[in-house]
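Coordinates as given in work-v1.tsv (TSV, C-alpha atoms):
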chain	number	residue	atom	x	y	z
A	1	MET	CA	83.54	14.75	22.25
A	2	THR	CA	84.17	16.14	25.66
A	3	VAL	CA	87.89	15.55	25.37
A	4	ALA	CA	88.08	18.18	22.67
A	5	SER	CA	85.89	20.81	24.31
A	6	GLN	CA	88.19	20.80	27.29
A	7	ARG	CA	91.26	21.04	25.14
A	8	GLY	CA	89.72	23.48	22.73
A	9	GLY	CA	91.33	26.56	24.25
A	10	ALA	CA	94.73	25.52	23.01
A	11	SER	CA	94.00	26.13	19.36
A	12	GLY	CA	96.05	28.37	17.13
A	13	GLY	CA	95.03	31.17	14.80
A	14	GLY	CA	92.96	30.73	11.68
A	15	VAL	CA	91.39	27.41	12.65
A	16	GLU	CA	87.69	27.24	13.36
A	17	ARG	CA	86.59	24.19	15.31
A	18	TYR	CA	83.71	21.82	15.56
A	19	THR	CA	84.22	19.19	18.19
A	20	GLY	CA	81.20	16.99	17.58
A	21	GLY	CA	78.42	16.19	19.99
A	22	GLY	CA	75.89	18.72	18.79
A	23	SER	CA	77.39	21.98	20.03
A	24	SER	CA	77.12	23.55	16.57
A	25	GLY	CA	77.51	22.84	12.90
A	26	LEU	CA	74.47	21.22	11.29
A	27	ALA	CA	76.31	21.13	7.98
A	28	ASP	CA	79.17	19.14	9.52
A	29	VAL	CA	76.76	16.69	11.11
A	30	VAL	CA	74.83	16.24	7.88
A	31	GLU	CA	77.98	15.56	5.94
A	32	MET	CA	79.12	12.94	8.42
A	33	ILE	CA	76.00	10.97	9.17
A	34	LEU	CA	74.16	11.21	5.86
A	35	ASP	CA	77.11	10.79	3.57
A	36	LYS	CA	79.39	8.61	5.64
A	37	GLY	CA	79.05	5.85	8.18
A	38	LEU	CA	78.56	2.14	7.99
A	39	VAL	CA	76.02	0.80	5.52
A	40	ILE	CA	74.84	-2.78	5.76
A	41	ASP	CA	72.17	-4.12	3.46
A	42	VAL	CA	69.93	-5.60	6.17
A	43	PHE	CA	68.22	-2.38	7.13
A	44	VAL	CA	64.65	-1.70	6.14
A	45	ARG	CA	63.80	1.36	4.16
A	46	VAL	CA	62.41	4.05	6.39
A	47	SER	CA	60.86	7.18	5.09
A	48	LEU	CA	63.08	10.15	5.70
A	49	VAL	CA	61.94	13.73	5.67
A	50	GLY	CA	64.09	16.61	4.61
A	51	ILE	CA	66.93	14.29	3.68
A	52	GLU	CA	66.70	15.04	0.00
A	53	ILE	CA	67.20	18.73	0.57
A	54	LEU	CA	69.90	18.22	3.14
A	55	THR	CA	71.79	15.78	0.96
A	56	ILE	CA	71.69	18.16	-1.94
A	57	ASP	CA	72.96	20.91	0.32
A	58	ALA	CA	75.87	18.77	1.34
A	59	ARG	CA	76.85	17.67	-2.14
A	60	ILE	CA	75.96	20.71	-4.14
A	61	VAL	CA	77.48	20.71	-7.59
A	62	VAL	CA	77.61	24.11	-9.13
A	63	ALA	CA	77.30	24.14	-12.91
A	64	SER	CA	80.53	25.34	-14.44
A	65	VAL	CA	78.94	28.24	-16.33
A	66	ASP	CA	77.68	29.65	-13.07
A	67	THR	CA	81.05	29.10	-11.46
A	68	PHE	CA	82.91	30.84	-14.27
A	69	LEU	CA	80.64	33.87	-14.21
A	70	ARG	CA	80.80	34.06	-10.44
A	71	PHE	CA	84.60	34.11	-10.44
A	72	ALA	CA	84.74	36.49	-13.39
A	73	GLU	CA	82.61	38.91	-11.39
A	74	ALA	CA	84.73	38.46	-8.28
A	75	THR	CA	87.88	39.11	-10.31
A	76	ASN	CA	86.28	42.09	-11.97
A	77	ARG	CA	85.42	43.65	-8.62
A	78	LEU	CA	88.78	42.95	-7.14
A	79	ASP	CA	90.64	45.90	-5.71
A	80	LEU	CA	94.10	45.05	-6.97
A	81	TYR	CA	95.89	47.49	-4.75
A	82	GLY	CA	93.83	46.97	-1.63
A	83	LYS	CA	95.38	45.59	1.49
A	84	GLY	CA	94.25	42.04	2.01
A	85	LYS	CA	94.64	40.24	5.28
A	86	GLY	CA	97.47	38.21	3.86
A	87	GLY	CA	100.08	39.58	1.53
A	88	LYS	CA	102.69	36.90	1.94
A	89	ASP	CA	103.09	34.62	-1.01
A	90	LEU	CA	101.44	31.25	-0.38
A	91	PRO	CA	104.10	28.95	-1.83
A	92	GLU	CA	106.63	30.88	0.20
A	93	MET	CA	104.64	30.29	3.37
A	94	MET	CA	104.12	26.62	2.64
A	95	GLN	CA	107.87	26.44	2.24
A	96	GLY	CA	108.28	28.07	5.63
A	97	ILE	CA	105.97	25.55	7.25
A	98	THR	CA	107.63	22.55	5.75
A	99	GLU	CA	111.08	23.75	6.68
A	100	GLY	CA	110.26	25.57	9.90
A	101	GLY	CA	109.06	22.47	11.71
A	102	ALA	CA	107.34	22.74	15.07
A	103	LYS	CA	108.80	25.94	16.37
A	104	GLY	CA	106.45	27.70	18.78
A	105	LYS	CA	104.71	30.12	16.46
A	106	THR	CA	101.29	29.70	18.02
A	107	GLY	CA	102.14	31.26	21.37
A	108	GLY	CA	100.67	34.74	21.02
A	109	MET	CA	97.45	33.50	19.52
A	110	LEU	CA	96.28	31.57	22.56
A	111	ASP	CA	94.17	34.25	24.21
A	112	ALA	CA	92.37	35.24	21.04
A	113	ALA	CA	91.77	31.60	20.21
A	114	ALA	CA	90.41	30.90	23.67
A	115	ASP	CA	87.93	33.74	23.25
A	116	LYS	CA	86.81	32.40	19.92
A	117	VAL	CA	86.35	28.88	21.20
A	118	GLY	CA	84.41	30.30	24.12
A	119	GLN	CA	82.03	31.94	21.68
A	120	LEU	CA	81.70	28.78	19.67
A	121	LEU	CA	80.86	26.63	22.64
A	122	GLY	CA	78.88	29.23	24.51
A	123	GLY	CA	75.59	28.82	22.70
A	124	GLY	CA	76.35	30.58	19.42
A	125	ASP	CA	73.58	30.38	16.86
A	126	GLU	CA	73.55	26.94	15.34
A	127	ASP	CA	72.62	28.27	11.96
A	128	GLU	CA	75.71	30.38	11.71
A	129	GLU	CA	77.81	29.24	8.81
A	130	PRO	CA	80.86	30.62	7.13
A	131	GLU	CA	79.99	33.10	4.40
A	132	GLU	CA	80.46	32.34	0.75
A	133	GLN	CA	79.20	28.80	0.95
A	134	PRO	CA	77.72	27.90	-2.40
A	135	ARG	CA	75.29	25.44	-0.86
A	136	ARG	CA	72.37	27.82	-0.71
A	137	ARG	CA	72.47	28.45	-4.41
A	138	PRO	CA	69.63	27.13	-6.52
A	139	ARG	CA	70.27	23.77	-8.10
A	140	PRO	CA	71.70	23.91	-11.60
A	141	ARG	CA	68.74	22.03	-13.02
A	142	GLU	CA	66.31	24.63	-11.72
A	143	ARG	CA	68.46	27.39	-13.08
A	144	SER	CA	68.60	26.10	-16.61
A	145	ARG	CA	64.87	25.67	-16.54
A	146	GLU	CA	64.55	29.30	-15.65
A	147	ARG	CA	66.65	30.25	-18.64
A	148	GLU	CA	64.55	28.27	-21.07
A	149	ARG	CA	61.43	30.10	-20.14
B	1	MET	CA	56.56	-4.95	15.17
B	2	SER	CA	59.30	-3.14	17.02
B	3	PRO	CA	61.29	-0.89	14.72
B	4	THR	CA	64.70	-0.30	16.24
B	5	TYR	CA	67.10	2.49	15.40
B	6	VAL	CA	70.79	1.57	15.29
B	7	TYR	CA	73.36	4.28	16.06
B	8	GLY	CA	76.58	2.34	15.93
B	9	LEU	CA	78.43	-0.86	16.76
B	10	VAL	CA	80.80	-1.35	19.66
B	11	ARG	CA	82.46	-4.04	21.75
B	12	ALA	CA	79.92	-5.93	23.85
B	13	ASP	CA	81.61	-5.03	27.14
B	14	LEU	CA	80.64	-1.35	26.85
B	15	ALA	CA	78.74	0.08	29.80
B	16	VAL	CA	76.20	2.41	28.19
B	17	PRO	CA	75.93	5.69	30.10
B	18	ALA	CA	72.57	5.71	31.90
B	19	GLU	CA	71.64	9.18	30.68
B	20	LEU	CA	72.29	8.42	27.00
B	21	ALA	CA	69.18	9.50	25.07
B	22	GLY	CA	68.52	8.84	21.41
B	23	LEU	CA	65.85	9.89	18.91
B	24	ASP	CA	62.85	11.48	20.63
B	25	GLY	CA	64.71	11.09	23.91
B	26	ALA	CA	64.36	7.29	23.87
B	27	PRO	CA	66.84	5.51	26.17
B	28	VAL	CA	69.78	3.94	24.34
B	29	GLU	CA	70.56	0.31	25.08
B	30	LEU	CA	73.20	-2.17	24.07
B	31	VAL	CA	72.11	-5.32	22.24
B	32	ALA	CA	75.01	-7.73	22.50
B	33	HIS	CA	75.94	-10.86	20.63
B	34	GLU	CA	79.22	-12.70	21.14
B	35	GLY	CA	81.80	-9.91	21.44
B	36	LEU	CA	79.80	-7.31	19.53
B	37	GLY	CA	77.18	-4.82	20.60
B	38	ALA	CA	74.74	-2.54	18.80
B	39	LEU	CA	73.73	0.81	20.30
B	40	VAL	CA	69.98	0.97	19.74
B	41	SER	CA	66.80	2.68	20.83
B	42	ALA	CA	63.17	2.41	19.84
B	43	ALA	CA	62.70	4.11	16.46
B	44	PRO	CA	60.10	6.87	16.36
B	45	THR	CA	56.97	5.60	14.64
B	46	GLY	CA	54.23	7.43	12.81
B	47	ARG	CA	56.52	10.08	11.36
B	48	PRO	CA	59.36	10.24	8.87
B	49	LEU	CA	62.86	10.70	10.27
B	50	GLY	CA	65.28	13.43	9.38
B	51	THR	CA	64.53	16.55	11.38
B	52	ARG	CA	67.36	18.64	12.68
B	53	GLU	CA	66.76	17.16	16.14
B	54	ASP	CA	66.95	13.62	14.71
B	55	LEU	CA	70.29	14.31	13.07
B	56	PHE	CA	71.79	15.83	16.19
B	57	ALA	CA	70.39	13.02	18.36
B	58	HIS	CA	72.08	10.40	16.19
B	59	GLU	CA	75.39	12.21	16.25
B	60	ARG	CA	75.20	12.91	19.99
B	61	VAL	CA	74.76	9.24	20.82
B	62	VAL	CA	77.67	8.22	18.60
B	63	GLU	CA	79.99	10.94	19.85
B	64	GLN	CA	79.24	10.45	23.55
B	65	VAL	CA	80.27	6.83	23.26
B	66	ALA	CA	83.11	7.53	20.83
B	67	ALA	CA	84.67	9.92	23.32
B	68	ASP	CA	85.92	6.87	25.22
B	69	VAL	CA	85.77	3.81	22.99
B	70	THR	CA	85.81	2.94	19.32
B	71	VAL	CA	82.43	3.04	17.60
B	72	LEU	CA	81.56	1.95	14.08
B	73	PRO	CA	79.05	4.70	13.32
B	74	MET	CA	76.03	3.71	11.25
B	75	ARG	CA	74.75	5.96	8.52
B	76	PHE	CA	71.72	8.01	9.55
B	77	GLY	CA	68.38	6.24	9.19
B	78	SER	CA	69.43	2.67	9.97
B	79	VAL	CA	66.24	1.00	11.21
B	80	ILE	CA	65.67	-2.72	11.69
B	81	GLU	CA	63.24	-5.02	13.52
B	82	ARG	CA	64.38	-5.70	17.05
B	83	PRO	CA	65.01	-9.49	16.67
B	84	ALA	CA	66.97	-8.80	13.48
B	85	VAL	CA	69.58	-6.76	15.36
B	86	VAL	CA	71.17	-10.03	16.40
B	87	ASP	CA	69.87	-12.41	13.73
B	88	GLU	CA	70.59	-10.33	10.67
B	89	LEU	CA	72.94	-7.53	11.69
B	90	LEU	CA	75.37	-8.88	14.29
B	91	ALA	CA	75.49	-12.66	13.89
B	92	PRO	CA	76.00	-12.92	10.10
B	93	HIS	CA	78.65	-10.16	10.01
B	94	LEU	CA	80.49	-11.03	13.20
B	95	THR	CA	83.88	-11.65	11.63
B	96	GLU	CA	84.11	-8.59	9.45
B	97	LEU	CA	82.63	-6.21	12.02
B	98	ASP	CA	85.02	-7.54	14.63
B	99	ALA	CA	87.92	-6.99	12.24
B	100	ALA	CA	86.74	-3.46	11.46
B	101	LEU	CA	86.57	-2.62	15.17
B	102	ALA	CA	90.02	-4.10	15.71
B	103	ASP	CA	91.46	-2.01	12.85
B	104	LEU	CA	90.03	1.22	14.19
B	105	ASP	CA	90.66	0.47	17.84
B	106	GLY	CA	92.37	3.33	19.65
B	107	HIS	CA	91.79	5.79	16.81
B	108	VAL	CA	89.52	8.77	16.21
B	109	GLN	CA	88.79	10.83	13.14
B	110	TYR	CA	89.51	14.44	12.37
B	111	SER	CA	88.26	16.24	9.28
B	112	VAL	CA	90.19	19.26	8.13
B	113	LYS	CA	88.85	21.71	5.60
B	114	GLY	CA	90.65	24.67	4.14
B	115	ARG	CA	89.23	27.44	1.96
B	116	TYR	CA	91.17	30.16	0.24
B	117	GLU	CA	90.44	33.71	1.22
B	118	ARG	CA	89.08	34.74	-2.14
B	119	GLU	CA	90.48	38.25	-2.52
B	120	VAL	CA	94.00	37.35	-1.52
B	121	VAL	CA	94.22	34.43	-3.92
B	122	LEU	CA	92.50	36.24	-6.79
B	123	ARG	CA	94.92	39.11	-6.45
B	124	GLU	CA	97.86	36.74	-6.75
B	125	ILE	CA	96.31	35.04	-9.75
B	126	VAL	CA	95.68	38.31	-11.58
B	127	ALA	CA	99.24	39.38	-10.87
B	128	ALA	CA	100.69	36.10	-12.11
B	129	ASP	CA	98.82	35.74	-15.42
B	130	PRO	CA	98.93	38.51	-18.05
B	131	GLU	CA	96.00	37.02	-20.00
B	132	ILE	CA	93.80	37.12	-16.92
B	133	ALA	CA	94.91	40.66	-16.11
B	134	GLU	CA	94.12	41.78	-19.65
B	135	LEU	CA	90.69	40.15	-19.73
B	136	ARG	CA	89.94	41.72	-16.41
B	137	GLU	CA	90.74	45.16	-17.81
B	138	ARG	CA	88.59	44.44	-20.85
B	139	VAL	CA	85.40	43.51	-18.96
B	140	HIS	CA	85.83	46.26	-16.43
B	141	GLY	CA	82.93	48.70	-16.62
B	142	VAL	CA	81.35	46.85	-19.58
B	143	PRO	CA	77.79	45.60	-18.99
B	144	GLU	CA	77.56	41.87	-18.35
B	145	GLU	CA	75.60	41.10	-21.52
B	146	ALA	CA	78.07	42.99	-23.73
B	147	SER	CA	81.09	41.18	-22.30
B	148	TYR	CA	79.63	37.69	-21.87
B	149	GLN	CA	82.28	35.84	-23.90
B	150	ASP	CA	85.15	37.66	-22.21
B	151	ARG	CA	83.65	37.02	-18.81
B	152	MET	CA	83.23	33.32	-19.52
B	153	ARG	CA	86.85	33.12	-20.64
B	154	LEU	CA	88.04	35.13	-17.66
B	155	GLY	CA	86.09	32.96	-15.25
B	156	GLU	CA	87.33	29.78	-16.88
B	157	LEU	CA	90.96	30.89	-16.62
B	158	VAL	CA	90.57	32.05	-13.03
B	159	VAL	CA	88.84	28.85	-11.93
B	160	GLY	CA	91.51	26.81	-13.70
B	161	ALA	CA	94.27	28.75	-11.96
B	162	ILE	CA	92.64	28.38	-8.53
B	163	GLU	CA	92.10	24.66	-9.05
B	164	GLU	CA	95.69	24.13	-10.09
B	165	ARG	CA	96.92	25.98	-7.07
B	166	ALA	CA	94.50	24.14	-4.79
B	167	ARG	CA	95.74	20.78	-6.07
B	168	ARG	CA	99.31	21.75	-5.33
B	169	ASP	CA	98.75	23.45	-1.96
B	170	GLY	CA	96.12	20.95	-0.86
B	171	GLY	CA	98.38	18.03	-1.71
B	172	ARG	CA	101.13	19.43	0.46
B	173	MET	CA	98.77	20.17	3.35
B	174	HIS	CA	97.32	16.67	3.16
B	175	GLU	CA	100.79	15.19	3.14
B	176	MET	CA	101.90	17.28	6.12
B	177	LEU	CA	98.91	16.26	8.23
B	178	SER	CA	99.14	12.63	7.12
B	179	ALA	CA	102.48	12.45	8.88
B	180	GLN	CA	100.54	12.62	12.18
B	181	ALA	CA	97.84	10.14	11.14
B	182	ALA	CA	97.46	6.39	10.73
B	183	ALA	CA	95.33	6.76	7.61
B	184	SER	CA	93.81	9.52	5.53
B	185	VAL	CA	91.17	10.14	2.88
B	186	ALA	CA	91.03	13.13	0.53
B	187	ARG	CA	87.42	13.85	-0.36
B	188	PRO	CA	86.58	15.05	-3.84
B	189	SER	CA	85.41	18.64	-3.98
B	190	SER	CA	83.49	20.54	-6.62
B	191	ASP	CA	84.34	23.88	-5.08
B	192	PRO	CA	87.45	25.48	-6.62
B	193	GLU	CA	88.26	27.46	-3.48
B	194	GLN	CA	88.22	24.40	-1.25
B	195	VAL	CA	91.93	23.75	-1.03
B	196	LEU	CA	91.71	20.95	1.53
B	197	ASP	CA	88.93	18.54	2.50
B	198	SER	CA	90.44	15.49	4.10
B	199	ALA	CA	89.68	13.03	6.86
B	200	PHE	CA	92.43	11.65	9.08
B	201	LEU	CA	92.44	8.62	11.34
B	202	VAL	CA	94.51	9.60	14.36
B	203	PRO	CA	95.67	7.43	17.29
B	204	ARG	CA	94.18	8.63	20.56
B	205	ASP	CA	97.62	9.22	22.01
B	206	ARG	CA	98.53	11.56	19.14
B	207	LEU	CA	95.56	13.94	19.27
B	208	HIS	CA	97.68	16.74	20.60
B	209	GLU	CA	100.32	16.37	17.90
B	210	PHE	CA	97.69	16.29	15.19
B	211	GLU	CA	95.86	19.36	16.48
B	212	HIS	CA	99.16	21.13	16.82
B	213	ALA	CA	99.98	20.42	13.16
B	214	VAL	CA	96.60	21.86	12.11
B	215	ASP	CA	97.10	24.91	14.33
B	216	GLN	CA	100.47	25.44	12.76
B	217	LEU	CA	98.96	25.40	9.28
B	218	GLY	CA	96.25	27.78	10.43
B	219	THR	CA	98.72	30.19	11.96
B	220	GLU	CA	101.13	30.17	9.05
B	221	LEU	CA	98.43	30.63	6.44
B	222	ALA	CA	96.20	33.01	8.41
B	223	GLY	CA	94.79	35.53	5.94
B	224	THR	CA	95.26	33.23	2.95
B	225	VAL	CA	93.49	30.02	3.93
B	226	ARG	CA	90.69	29.60	6.45
B	227	PHE	CA	90.66	26.21	8.16
B	228	ARG	CA	87.96	24.22	9.90
B	229	LEU	CA	88.87	21.35	12.16
B	230	ILE	CA	86.11	18.84	12.91
B	231	GLY	CA	86.81	16.31	15.59
B	232	PRO	CA	87.75	14.24	17.28
B	233	VAL	CA	84.71	12.30	16.05
B	234	ALA	CA	83.91	8.65	15.34
B	235	PRO	CA	85.68	7.28	12.24
B	236	TYR	CA	82.86	7.99	9.77
B	237	ASP	CA	85.14	8.12	6.75
B	238	PHE	CA	86.95	4.92	7.63
B	239	VAL	CA	84.14	2.41	7.89
B	240	ALA	CA	83.73	0.57	4.64
B	241	ALA	CA	80.40	-0.80	3.49
B	242	ALA	CA	79.94	-4.32	4.81
B	243	GLY	CA	78.01	-7.10	3.09

Would you kindly transcribe this structure into structure tokens?
Amino acid sequence: MTVASQRGGASGGGVERYTGGGSSGLADVVEMILDKGLVIDVFVRVSLVGIEILTIDARIVVASVDTFLRFAEATNRLDLYGKGKGGKDLPEMMQGITEGGAKGKTGGMLDAAADKVGQLLGGGDEDEEPEEQPRRRPRPRERSRERER
Amino acid sequence: MSPTYVYGLVRADLAVPAELAGLDGAPVELVAHEGLGALVSAAPTGRPLGTREDLFAHERVVEQVAADVTVLPMRFGSVIERPAVVDELLAPHLTELDAALADLDGHVQYSVKGRYEREVVLREIVAADPEIAELRERVHGVPEEASYQDRMRLGELVVGAIEERARRDGGRMHEMLSAQAAASVARPSSDPEQVLDSAFLVPRDRLHEFEHAVDQLGTELAGTVRFRLIGPVAPYDFVAAAG
């Protein structure tokens, strides 16, 4: 929506935005219009191409064995003493938010955020997606078939 | 035979922007009946629907109209014969569609998603649970096949700990943002690191307050949780299936 693109510059830190209207984010669009939206039983069945794949992408269910092994590996590789980007305890921060109310903590972030939004709206690659999305993983069914062989 | 693609339903008094183009660039028109209108265009024939361009075209039509007025967005792929737009879609469902539009009037939807930054959260989990820390030591440097059982157990404990934390943190985030919304939906997630995936119905005169609340979350939790804000968009999550 145009309303949002104009206002987009006023965002704070740590929030990535998709404002609708086709400026980016195929995954967001797929999730909205394939999974949600009004369904009324009067429509004829049309043949849809690619929908099966896209729908699976949007609703990927990772088998728990795979999930466990993936997180075990991530934990194994963890550098316990490394400096992460955070460091503050999460419950503590949530506490701060709930109690702190709407004090102006976003102020200094405005310029950086404006830059980021500029990049987002300024013709960034549509295929760009956040890393670590499990949706490109093979479907569990295919995987177990591989194991049986 | 005139297959017609339906993008969404609106009030009949909508003036459709002249430049509004739908699937394959077809002009979008309003088919009106009583107080209701359907945003339609000719449906592409001779090919299946569902290309990337098709998906974006559908969303673009809905969002361009939804920027100003309330739209009941149809699910992608809603095709019907032209005469049936009135006879089967609008006329028989007039009452409930009118009520749905009235309910959503003056509101838009935001979706907010939050994912943990993996390393930060894993580090906290290892520090908080001696059993996890011990298992981690035990599998360290041991080949995957030789430590399979330990790895499974480690992964199970870690996933369980993340999920528990996500339920707690996500619940509080959802509650915080709900304070700025007229309605909300928490979507089920199969991804342990997805701490928040919720849709919020927000009055048009409270967009700023809602975005500010999300920004505040994002700022406070920068480095621990990464947020995505989608919207304002049409109320996709708040249109129920109608008869």

Enumerate as a ChimeraX atom specification the residues belonging to chain B that approach chain A to within 7 Å, with all atoms listed in the file taken into account.
-> /B:48-51,56,59-60,63-64,67,72-80,88-89,119-120,122-123,136,140,151-152,154-156,158-159,190,215-216,218-224,226-233,236-237,239-243

Excluding same-chain residues fewer than 5 positions from B:Asp87, what lies within 12 Å of it counting only C-alpha atoms, as an MDAnalysis selection string?
-> (chainID A and resid 42) or (chainID B and resid 31:34 80:82 92:94)

Between atom CA of B:Arg47 and atom CA of B:Ala66, what is the distance, to one decimal in Å?
->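 Computing it gives 28.3 Å between the two atoms.
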
Close residues, B:Glu209 itself excluded, 12 Å, only C-alpha atoms, min 3 positions apart in chain, as a VMD selection string | (chain A and resid 10 to 11 102) or (chain B and resid 176 to 181 202 to 206 212 to 216)

Between atom CA of B:Ala38 and atom CA of B:Ala91 lies a distance of 11.3 Å

Pick the closest to B:Leu36 from B:Pro83, B:Ala182, B:Leu55, B:Glu96: which is it, counting all atoms listed in the file?
->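 For B:Leu36, the nearest of the candidates is B:Glu96.
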
Excluding stretch 18-24 of chain B and any residue of its chain fewer than 6 positions from it, enumerate the residues within 7 Å of it, using all atoms listed in the file, and give them as a list in words.
-> Ser41, Pro44, Asp54, Ala57, His58 and Val61 of chain B

How would the residues just chosen look if you wrote them out with C-alpha atoms as a short mmCIF file (atom, residue, chain, number, x, y, z; two decimals), in the frame of the given file?
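Below is the file that was written, again07.cif:
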data_model
loop_
_atom_site.label_atom_id
_atom_site.label_comp_id
_atom_site.auth_asym_id
_atom_site.auth_seq_id
_atom_site.Cartn_x
_atom_site.Cartn_y
_atom_site.Cartn_z
CA SER B 41 66.80 2.68 20.83
CA PRO B 44 60.10 6.87 16.36
CA ASP B 54 66.95 13.62 14.71
CA ALA B 57 70.39 13.02 18.36
CA HIS B 58 72.08 10.40 16.19
CA VAL B 61 74.76 9.24 20.82
#

Students should find that atom CA of B:Phe210 and atom CA of B:Val185 are spaced 15.2 Å
